[in-house]
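Q: Input structure: coords-v7.txt, which contains compact mmCIF, C-alpha atoms and all ligand atoms.
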```
# COMPACT_ATOMS: atom_id res chain seq x y z
CA MET A 4 23.99 35.46 35.80
CA ASN A 5 22.68 33.91 39.01
CA ASN A 6 22.81 30.16 39.29
CA LYS A 7 21.25 30.12 42.75
CA VAL A 8 18.02 31.54 44.11
CA THR A 9 16.13 31.43 47.41
CA TYR A 10 12.42 31.95 48.06
CA GLN A 11 10.31 31.93 51.18
CA CYS A 12 6.75 30.82 50.52
CA PRO A 13 3.80 30.67 52.94
CA SER A 14 1.40 27.80 53.44
CA ASN A 15 -2.31 28.50 52.92
CA ILE A 16 -5.67 27.59 54.39
CA ALA A 17 -8.73 27.15 52.21
CA LEU A 18 -12.00 28.88 53.08
CA VAL A 19 -13.87 27.08 50.28
CA LYS A 20 -12.24 23.68 49.96
CA TYR A 21 -10.69 21.87 47.03
CA TRP A 22 -11.66 18.24 47.44
CA GLY A 23 -11.85 16.03 44.39
CA LYS A 24 -10.12 16.16 41.01
CA LYS A 25 -11.43 16.48 37.48
CA SER A 26 -10.42 13.83 35.00
CA GLY A 27 -8.69 14.87 31.80
CA GLY A 28 -5.46 16.33 33.14
CA PRO A 29 -3.03 16.25 36.01
CA GLN A 30 -4.20 17.88 39.22
CA LEU A 31 -7.29 19.71 37.96
CA PRO A 32 -9.77 20.65 40.69
CA ALA A 33 -13.33 19.33 40.53
CA ASN A 34 -14.51 22.60 42.05
CA PRO A 35 -13.03 26.06 42.60
CA SER A 36 -11.56 27.02 45.98
CA ILE A 37 -10.37 30.16 47.76
CA SER A 38 -7.71 30.49 50.46
CA LEU A 39 -5.64 32.83 52.60
CA THR A 40 -1.87 32.50 52.84
CA LEU A 41 -0.45 31.80 56.30
CA ALA A 42 2.28 34.40 56.69
CA ASP A 43 4.23 32.75 59.49
CA LEU A 44 4.07 29.13 58.34
CA CYS A 45 6.65 29.15 55.57
CA ALA A 46 9.10 27.05 53.66
CA THR A 47 12.40 28.60 52.59
CA THR A 48 13.96 26.88 49.62
CA THR A 49 17.19 27.43 47.74
CA VAL A 50 17.77 25.94 44.30
CA GLU A 51 21.25 25.94 42.87
CA ILE A 52 22.25 24.79 39.41
CA ALA A 53 25.21 22.55 39.95
CA TYR A 54 25.95 21.17 36.51
CA GLY A 55 24.12 20.16 33.36
CA ASN A 56 21.82 17.21 32.93
CA VAL A 57 21.97 15.00 29.88
CA SER A 58 20.34 11.99 31.49
CA GLY A 59 16.95 12.54 29.84
CA LYS A 60 15.24 12.52 33.23
CA PRO A 61 15.17 14.88 36.23
CA SER A 62 18.46 15.14 38.08
CA PHE A 63 18.50 16.63 41.58
CA GLN A 64 19.68 16.40 45.14
CA PHE A 65 17.28 17.26 47.98
CA MET A 66 18.15 18.40 51.48
CA LEU A 67 15.75 19.23 54.29
CA GLU A 68 17.14 21.24 57.19
CA GLY A 69 20.63 20.62 55.84
CA GLN A 70 20.29 16.82 55.72
CA ILE A 71 19.92 14.67 52.61
CA LYS A 72 16.34 13.38 52.76
CA LYS A 73 15.97 10.16 50.78
CA SER A 74 12.35 9.74 51.89
CA PHE A 75 11.37 12.97 50.08
CA GLU A 76 13.08 12.02 46.81
CA PRO A 77 10.18 10.10 45.21
CA LYS A 78 7.83 13.11 45.67
CA ILE A 79 10.36 15.56 44.25
CA GLU A 80 11.18 13.22 41.39
CA GLN A 81 7.48 12.83 40.59
CA PHE A 82 7.07 16.63 40.65
CA LEU A 83 10.07 17.28 38.39
CA THR A 84 8.84 14.58 36.02
CA LYS A 85 5.42 16.26 35.83
CA ILE A 86 6.92 19.68 35.06
CA TRP A 87 9.61 18.28 32.73
CA GLU A 88 7.77 19.13 29.50
CA HIS A 89 7.24 22.71 30.72
CA SER A 90 10.74 23.53 31.93
CA GLN A 91 13.98 23.83 30.02
CA LEU A 92 15.70 24.22 33.38
CA VAL A 93 14.60 20.78 34.57
CA GLN A 94 15.44 19.24 31.20
CA ASN A 95 18.96 20.66 31.05
CA GLN A 96 20.22 21.20 34.59
CA THR A 97 20.90 19.33 37.80
CA LEU A 98 19.18 21.06 40.68
CA VAL A 99 20.51 21.12 44.23
CA ILE A 100 17.46 21.83 46.39
CA GLN A 101 17.73 22.83 50.04
CA SER A 102 14.57 23.44 52.01
CA GLN A 103 13.51 24.23 55.54
CA ASN A 104 10.26 25.04 57.29
CA ASN A 105 9.87 27.68 59.95
CA PHE A 106 7.28 25.68 61.84
CA PRO A 107 8.09 22.69 64.00
CA HIS A 108 7.98 19.15 62.69
CA GLY A 109 5.67 16.74 64.41
CA THR A 110 2.70 19.09 64.56
CA GLY A 111 0.71 17.38 61.84
CA ILE A 112 0.80 20.56 59.76
CA ALA A 113 1.13 19.79 56.08
CA SER A 114 4.14 21.54 54.63
CA SER A 115 3.56 20.55 51.02
CA ALA A 116 1.81 23.80 49.99
CA ALA A 117 4.66 25.95 51.31
CA GLY A 118 7.32 23.49 50.11
CA PHE A 119 6.08 23.11 46.54
CA GLY A 120 5.24 26.83 46.42
CA ALA A 121 8.81 27.79 47.33
CA LEU A 122 10.34 25.23 44.96
CA ALA A 123 8.09 26.40 42.11
CA CYS A 124 9.11 30.04 42.71
CA CYS A 125 12.79 29.08 42.54
CA ILE A 126 12.33 27.11 39.32
CA ALA A 127 10.26 29.83 37.61
CA ASP A 128 12.80 32.47 38.61
CA LEU A 129 15.87 30.48 37.52
CA GLU A 130 14.20 29.47 34.28
CA PHE A 131 13.68 33.14 33.40
CA GLU A 132 17.25 33.97 34.43
CA LEU A 133 18.77 31.23 32.29
CA TYR A 134 16.40 30.95 29.34
CA GLY A 135 14.71 34.36 29.24
CA ALA A 136 11.20 32.89 29.49
CA TYR A 137 8.97 31.50 32.22
CA PRO A 138 8.06 27.81 32.26
CA ALA A 139 5.08 26.64 30.21
CA GLY A 140 5.11 29.84 28.13
CA PHE A 141 3.60 32.07 30.85
CA ASP A 142 4.33 35.78 30.60
CA ASN A 143 4.12 36.34 34.32
CA PHE A 144 6.12 34.98 37.26
CA GLU A 145 3.20 34.32 39.64
CA LYS A 146 1.13 32.42 37.07
CA ALA A 147 4.13 30.34 36.02
CA ALA A 148 5.06 29.54 39.62
CA SER A 149 1.43 28.80 40.54
CA PHE A 150 1.10 26.49 37.52
CA LEU A 151 4.22 24.57 38.56
CA ALA A 152 3.25 24.46 42.25
CA ARG A 153 -0.13 22.97 41.31
CA LEU A 154 1.61 20.00 39.74
CA GLY A 155 3.41 19.35 43.05
CA SER A 156 0.39 19.65 45.30
CA GLY A 157 -2.90 21.12 44.07
CA SER A 158 -3.48 23.44 47.00
CA ALA A 159 0.12 24.76 46.74
CA CYS A 160 -0.85 26.82 43.68
CA ARG A 161 -2.82 29.15 45.98
CA SER A 162 0.27 30.12 48.05
CA LEU A 163 1.51 32.69 45.52
CA TYR A 164 -0.51 35.74 46.47
CA ALA A 165 -0.95 38.15 49.36
CA LYS A 166 -4.60 38.57 48.38
CA PRO A 167 -7.08 35.70 48.78
CA ALA A 168 -6.32 33.23 45.99
CA ILE A 169 -8.88 31.52 43.77
CA TRP A 170 -8.05 28.30 41.99
CA GLY A 171 -10.47 26.63 39.61
CA GLU A 172 -12.88 27.83 36.96
CA HIS A 173 -15.91 29.77 38.13
CA PRO A 174 -18.30 31.86 36.01
CA ASP A 175 -18.00 34.95 38.27
CA PHE A 176 -14.21 35.11 38.26
CA ASN A 177 -11.44 35.24 35.75
CA SER A 178 -10.04 32.05 37.26
CA SER A 179 -8.47 28.90 35.88
CA ASP A 180 -8.04 25.22 36.68
CA LEU A 181 -4.36 25.49 35.72
CA PHE A 182 -3.16 28.08 38.22
CA ALA A 183 -4.50 30.30 40.99
CA VAL A 184 -5.21 34.01 40.63
CA PRO A 185 -5.51 36.73 43.28
CA LEU A 186 -9.05 37.83 44.09
CA ASP A 187 -9.67 40.92 42.02
CA ALA A 188 -12.23 42.71 44.21
CA ASP A 189 -12.32 45.30 46.95
CA ILE A 190 -12.98 43.42 50.14
CA ASP A 191 -13.89 44.82 53.53
CA PRO A 192 -10.57 45.66 55.27
CA ILE A 193 -11.41 43.44 58.24
CA PHE A 194 -10.76 40.36 56.08
CA SER A 195 -7.18 41.50 55.44
CA THR A 196 -6.45 41.41 59.17
CA PHE A 197 -7.32 37.78 59.78
CA ARG A 198 -5.17 35.61 62.00
CA ASP A 199 -5.10 31.85 62.29
CA ALA A 200 -4.31 29.93 65.45
CA VAL A 201 -3.65 26.33 64.47
CA LEU A 202 -4.68 24.14 67.40
CA ILE A 203 -2.69 20.92 67.32
CA VAL A 204 -5.13 18.18 68.27
CA ASP A 205 -3.18 15.32 66.71
CA SER A 206 0.36 15.57 65.36
CA GLY A 207 0.33 12.04 63.93
CA GLU A 208 0.43 10.99 60.31
CA LYS A 209 -3.05 11.03 58.72
CA SER A 210 -4.61 7.59 58.27
CA VAL A 211 -5.71 8.49 54.70
CA SER A 212 -3.57 10.77 52.53
CA SER A 213 -5.08 13.69 50.62
CA THR A 214 -4.21 11.95 47.36
CA ALA A 215 -6.26 8.92 48.39
CA GLY A 216 -8.99 11.19 49.76
CA HIS A 217 -9.38 13.09 46.48
CA ALA A 218 -9.57 9.80 44.57
CA LEU A 219 -12.43 8.59 46.77
CA LEU A 220 -14.67 11.34 45.41
CA THR A 221 -14.87 9.33 42.20
CA GLY A 222 -17.87 7.13 42.80
CA ASN A 223 -19.03 9.14 45.81
CA ALA A 224 -22.80 9.58 45.40
CA TYR A 225 -22.66 13.08 46.92
CA ALA A 226 -19.75 14.38 44.85
CA GLU A 227 -21.70 16.26 42.17
CA SER A 228 -23.84 18.03 44.78
CA ARG A 229 -20.73 18.94 46.74
CA TYR A 230 -19.10 20.51 43.67
CA LYS A 231 -22.26 22.51 43.02
CA VAL A 232 -22.39 23.80 46.60
CA ALA A 233 -18.68 24.69 46.53
CA ASN A 234 -19.29 26.79 43.39
CA GLN A 235 -22.17 28.61 45.11
CA ASN A 236 -20.13 29.05 48.29
CA LEU A 237 -17.29 30.65 46.38
CA GLY A 238 -19.59 33.24 44.82
CA ASN A 239 -21.28 33.88 48.17
CA ILE A 240 -18.14 34.12 50.30
CA VAL A 241 -16.64 36.71 47.97
CA GLU A 242 -19.91 38.70 48.20
CA ALA A 243 -19.70 38.45 52.00
CA MET A 244 -16.09 39.68 51.94
CA LYS A 245 -16.99 42.59 49.66
CA SER A 246 -19.93 43.72 51.78
CA GLY A 247 -18.35 42.93 55.17
CA LYS A 248 -21.10 40.45 56.08
CA MET A 249 -19.24 38.58 58.80
CA HIS A 250 -22.16 36.35 59.69
CA SER A 251 -22.44 34.95 56.15
CA PHE A 252 -18.65 34.61 55.95
CA ILE A 253 -18.52 32.54 59.16
CA ASN A 254 -21.39 30.39 57.97
CA ILE A 255 -19.67 29.51 54.73
CA VAL A 256 -16.24 28.94 56.29
CA GLU A 257 -17.54 26.54 58.93
CA SER A 258 -19.94 24.77 56.60
CA GLU A 259 -17.09 24.20 54.10
CA ALA A 260 -14.91 22.64 56.81
CA LEU A 261 -17.69 20.28 57.86
CA GLN A 262 -18.55 19.41 54.26
CA LEU A 263 -14.93 18.46 53.60
CA HIS A 264 -15.07 15.99 56.46
CA ALA A 265 -18.61 14.90 55.55
CA MET A 266 -17.27 13.86 52.14
CA MET A 267 -14.68 11.69 53.86
CA MET A 268 -17.35 10.08 56.02
CA ALA A 269 -19.51 9.51 52.92
CA SER A 270 -16.68 7.91 50.92
CA SER A 271 -16.32 4.21 50.33
CA PRO A 272 -14.39 3.09 52.28
CA TYR A 273 -15.51 5.72 54.79
CA TYR A 274 -13.10 7.30 57.22
CA LEU A 275 -12.90 9.92 59.90
CA LEU A 276 -10.02 12.33 60.45
CA MET A 277 -11.61 14.41 63.22
CA ARG A 278 -10.73 13.36 66.76
CA PRO A 279 -12.76 13.92 69.95
CA GLY A 280 -10.63 17.03 70.60
CA THR A 281 -11.58 18.43 67.19
CA VAL A 282 -15.29 18.19 67.98
CA ALA A 283 -14.82 19.52 71.52
CA ILE A 284 -12.99 22.60 70.19
CA ILE A 285 -15.68 23.23 67.56
CA GLU A 286 -18.38 23.13 70.24
CA LYS A 287 -16.35 25.46 72.48
CA ILE A 288 -16.01 27.92 69.58
CA TRP A 289 -19.75 27.88 68.95
CA ALA A 290 -20.52 28.42 72.65
CA TYR A 291 -17.94 31.23 72.92
CA ARG A 292 -19.28 33.00 69.84
CA GLU A 293 -22.84 32.70 71.12
CA LYS A 294 -21.82 34.09 74.52
CA THR A 295 -19.53 36.94 73.41
CA GLY A 296 -20.61 37.75 69.86
CA HIS A 297 -16.93 37.78 68.85
CA PRO A 298 -16.41 36.70 65.22
CA LEU A 299 -14.19 33.68 65.89
CA MET A 300 -14.64 30.72 63.58
CA PHE A 301 -13.05 27.39 62.77
CA THR A 302 -11.93 25.71 59.65
CA LEU A 303 -10.32 22.32 59.13
CA ASP A 304 -7.83 20.84 56.74
CA ALA A 305 -7.77 17.15 55.90
CA GLY A 306 -6.78 16.29 59.47
CA ALA A 307 -7.74 16.60 63.13
CA ASN A 308 -6.18 20.01 63.84
CA VAL A 309 -8.45 23.03 64.11
CA HIS A 310 -7.70 26.40 62.51
CA LEU A 311 -9.20 29.17 64.61
CA LEU A 312 -9.69 32.21 62.38
CA TYR A 313 -10.42 35.69 63.74
CA PRO A 314 -9.82 39.36 62.88
CA GLU A 315 -6.87 40.93 64.64
CA ASN A 316 -9.01 43.40 66.60
CA ILE A 317 -9.99 40.52 68.90
CA HIS A 318 -6.50 38.99 69.18
CA THR A 319 -6.29 39.46 72.95
CA GLU A 320 -9.70 37.89 73.48
CA ALA A 321 -8.80 35.02 71.13
CA MET A 322 -5.55 34.29 72.97
CA ASN A 323 -7.35 34.35 76.27
CA PHE A 324 -10.02 31.98 74.94
CA ILE A 325 -7.39 29.57 73.62
CA GLU A 326 -5.41 29.58 76.87
CA THR A 327 -8.39 29.12 79.15
CA GLU A 328 -10.70 26.87 77.14
CA LEU A 329 -9.01 25.23 74.17
CA LEU A 330 -5.47 24.29 75.19
CA VAL A 331 -6.77 21.38 77.20
CA PHE A 332 -7.75 19.68 73.91
CA CYS A 333 -4.38 20.31 72.22
CA GLU A 334 -1.65 17.70 72.13
CA ASN A 335 1.09 18.87 74.50
CA LYS A 336 -0.79 22.19 74.66
CA GLN A 337 0.60 23.06 71.25
CA TYR A 338 -0.76 25.71 68.92
CA LEU A 339 0.79 27.95 66.28
CA CYS A 340 -0.27 31.52 65.58
CA THR A 341 0.03 33.19 62.24
CA ARG A 342 -1.08 36.28 60.38
CA THR A 343 -2.60 35.81 56.95
CA GLY A 344 -2.05 37.47 53.61
CA THR A 345 1.58 37.52 52.53
CA ALA A 346 3.09 36.66 49.17
CA PRO A 347 6.26 34.60 48.65
CA LYS A 348 9.48 36.59 49.08
CA LYS A 349 12.76 36.33 47.21
CA CYS A 350 15.47 36.20 49.87
O1 LIG A 401 -3.23 19.88 47.81
P1 LIG A 401 -3.67 18.57 48.30
O2 LIG A 401 -3.78 17.56 47.23
O3 LIG A 401 -2.85 18.12 49.49
O4 LIG A 401 -5.19 18.71 48.80
C1 LIG A 401 -5.51 19.25 50.03
C2 LIG A 401 -6.87 19.82 50.00
C3 LIG A 401 -7.32 20.43 51.33
O5 LIG A 401 -6.22 20.97 52.02
C4 LIG A 401 -8.01 19.42 52.22
C5 LIG A 401 -8.32 21.55 51.04
C6 LIG A 401 -7.76 22.74 50.34
O6 LIG A 401 -8.44 23.29 49.49
O7 LIG A 401 -6.63 23.16 50.68
```
Starting from the file, give its structure as structure tokens.
A:
Amino acid sequence: MNNKVTYQCPSNIALVKYWGKKSGGPQLPANPSISLTLADLCATTTVEIAYGNVSGKPSFQFMLEGQIKKSFEPKIEQFLTKIWEHSQLVQNQTLVIQSQNNFPHGTGIASSAAGFGALACCIADLEFELYGAYPAGFDNFEKAASFLARLGSGSACRSLYAKPAIWGEHPDFNSSDLFAVPLDADIDPIFSTFRDAVLIVDSGEKSVSSTAGHALLTGNAYAESRYKVANQNLGNIVEAMKSGKMHSFINIVESEALQLHAMMMASSPYYLLMRPGTVAIIEKIWAYREKTGHPLMFTLDAGANVHLLYPENIHTEAMNFIETELLVFCENKQYLCTRTGTAPKKC
């Protein structure tokens, strides 16, 4: 019997954004979202069962890049406490967790989706190994791991699949608020070749955390309309992917990014996470697309960095565009390139 397991899990970028939580349960999305995994931005996590746990609360040790990381302990503790009722492993064992990211620190790239995804995979796998069942009664590894990952960081639950992942109930899909599922549809092959160049505009800590940002949707006068539009956008983006309608796809992706930030600006208190470089890059992308017709588009996370998405058949053009027109807006000329569409791997 194995008492140690390692998983590598990618981060993900949402095309239709999750922003706002439903009441009535932990980490339930107010609207459904869809994302692509970022193949080359990964966390690799090892969980080893050291000895039993009779303390009645989670027992663990956490190391990042080989160093004990006290500052991460409250987040891990909170996560293990949330999954406690679903996991015999957490209830009965002490977990030694070692994690590392394959992308540099200090780039402002959130690692929580990859980190919680990898940790959830390890726990689901070990739980099955030791107790012969997946956590929370799931009959399938991905669902169990996605369910656990969601309780660490909502968006992390979408990192489990090579296919685009949908999280949140929607009438057109067999989807759930509790875990993400892979998109069950034949999409135009071009959308499986997408790459993401993450342009680092600001590597600093965000002034408002995602947790605080989600909470500000409660009481936001535009929230209900936003949730309605997100539902429509999910249906429409999947139609665009099925029929290969790149123009509609780009429209939805960019509109979703701007709506995410519009919700921040329309919150009370209001705030702004875009920086001048963010806006300059967006305008450069629009001008370049207009001039060349190349299907390059942007999306944004809850931060200032810009994700430049494009199909791989224009990789050379995209690199050239970044080097000549966009690098000037990047902090220390930093950007990270990744393919999309990989699932977590057991190492
Ligand atoms: O998973 P959280 O709670 O960090 O929320 C992040 C949500 C966004 O990244 C802004 C959008 C998304 O759907 O990933």
Q: Identify, on the basis of only C-alpha atoms, every residue whose closest approach to segment 183-186 of chain A does not exceed 10 Å; exclude the query and any residue fewer than 5 positions from it along the same chain; express the result as a PyMOL selection string.
A: chain A and resi 35-38+145-150+152-153+157-172+176-178+241
Q: Leaving out Trp289 of chain A and any residue of its chain fewer than 4 positions from it, which residues lie within 9 Å of it when counting only C-alpha atoms, given as a JSON list (two decimals) with C-alpha atoms, in the frame of the given file?
A:
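Contents of around.json, as written:
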```json
[["chain", "number", "residue", "atom", "x", "y", "z"],
["A", 284, "ILE", "CA", -12.99, 22.60, 70.19],
["A", 285, "ILE", "CA", -15.68, 23.23, 67.56],
["A", 293, "GLU", "CA", -22.84, 32.70, 71.12],
["A", 294, "LYS", "CA", -21.82, 34.09, 74.52],
["A", 299, "LEU", "CA", -14.19, 33.68, 65.89],
["A", 300, "MET", "CA", -14.64, 30.72, 63.58]]
```
Q: Grab the atom CA of Ala200 of chain A to atom CA of Asn236 of chain A distance for me, in Å with one decimal place.
A: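 A separation of 23.4 Å between them.
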Q: Around ligand LIG 401 (chain A), at most 10 Å away and counting all atoms listed in the file, which residues are there? Put them as a ChimeraX atom specification, please.
A: /A:14-24,30,32,34-39,113-116,119,152-161,170,212-217,259-260,263-264,303-306
Q: Take the residues just selected and output them with C-alpha atoms as an mmCIF file, keeping the file's coordinate frame.
A:
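What follows is the written file result-v4.cif:
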```
data_model
loop_
_atom_site.group_PDB
_atom_site.id
_atom_site.type_symbol
_atom_site.label_atom_id
_atom_site.label_comp_id
_atom_site.auth_asym_id
_atom_site.auth_seq_id
_atom_site.Cartn_x
_atom_site.Cartn_y
_atom_site.Cartn_z
ATOM 1 C CA SER A 14 1.400 27.800 53.440
ATOM 2 C CA ASN A 15 -2.310 28.500 52.920
ATOM 3 C CA ILE A 16 -5.670 27.590 54.390
ATOM 4 C CA ALA A 17 -8.730 27.150 52.210
ATOM 5 C CA LEU A 18 -12.000 28.880 53.080
ATOM 6 C CA VAL A 19 -13.870 27.080 50.280
ATOM 7 C CA LYS A 20 -12.240 23.680 49.960
ATOM 8 C CA TYR A 21 -10.690 21.870 47.030
ATOM 9 C CA TRP A 22 -11.660 18.240 47.440
ATOM 10 C CA GLY A 23 -11.850 16.030 44.390
ATOM 11 C CA LYS A 24 -10.120 16.160 41.010
ATOM 12 C CA GLN A 30 -4.200 17.880 39.220
ATOM 13 C CA PRO A 32 -9.770 20.650 40.690
ATOM 14 C CA ASN A 34 -14.510 22.600 42.050
ATOM 15 C CA PRO A 35 -13.030 26.060 42.600
ATOM 16 C CA SER A 36 -11.560 27.020 45.980
ATOM 17 C CA ILE A 37 -10.370 30.160 47.760
ATOM 18 C CA SER A 38 -7.710 30.490 50.460
ATOM 19 C CA LEU A 39 -5.640 32.830 52.600
ATOM 20 C CA ALA A 113 1.130 19.790 56.080
ATOM 21 C CA SER A 114 4.140 21.540 54.630
ATOM 22 C CA SER A 115 3.560 20.550 51.020
ATOM 23 C CA ALA A 116 1.810 23.800 49.990
ATOM 24 C CA PHE A 119 6.080 23.110 46.540
ATOM 25 C CA ALA A 152 3.250 24.460 42.250
ATOM 26 C CA ARG A 153 -0.130 22.970 41.310
ATOM 27 C CA LEU A 154 1.610 20.000 39.740
ATOM 28 C CA GLY A 155 3.410 19.350 43.050
ATOM 29 C CA SER A 156 0.390 19.650 45.300
ATOM 30 C CA GLY A 157 -2.900 21.120 44.070
ATOM 31 C CA SER A 158 -3.480 23.440 47.000
ATOM 32 C CA ALA A 159 0.120 24.760 46.740
ATOM 33 C CA CYS A 160 -0.850 26.820 43.680
ATOM 34 C CA ARG A 161 -2.820 29.150 45.980
ATOM 35 C CA TRP A 170 -8.050 28.300 41.990
ATOM 36 C CA SER A 212 -3.570 10.770 52.530
ATOM 37 C CA SER A 213 -5.080 13.690 50.620
ATOM 38 C CA THR A 214 -4.210 11.950 47.360
ATOM 39 C CA ALA A 215 -6.260 8.920 48.390
ATOM 40 C CA GLY A 216 -8.990 11.190 49.760
ATOM 41 C CA HIS A 217 -9.380 13.090 46.480
ATOM 42 C CA GLU A 259 -17.090 24.200 54.100
ATOM 43 C CA ALA A 260 -14.910 22.640 56.810
ATOM 44 C CA LEU A 263 -14.930 18.460 53.600
ATOM 45 C CA HIS A 264 -15.070 15.990 56.460
ATOM 46 C CA LEU A 303 -10.320 22.320 59.130
ATOM 47 C CA ASP A 304 -7.830 20.840 56.740
ATOM 48 C CA ALA A 305 -7.770 17.150 55.900
ATOM 49 C CA GLY A 306 -6.780 16.290 59.470
#
```
Q: From the list A:Ala290, A:Ile86, A:Leu276, A:Val309, which residue is nearest Pro29 of chain A when using only C-alpha atoms?
A: A:Ile86
Q: For Phe65 of chain A, please output as a list of chain:residue names all residues within 10 Å (counting only C-alpha atoms; exclusion window: fewer than 2 positions along the same chain).
A: A:Val50, A:Phe63, A:Leu67, A:Gly69, A:Gln70, A:Ile71, A:Lys72, A:Lys73, A:Ser74, A:Phe75, A:Glu76, A:Ile79, A:Glu80, A:Leu98, A:Val99, A:Ile100, A:Gln101, A:Ser102
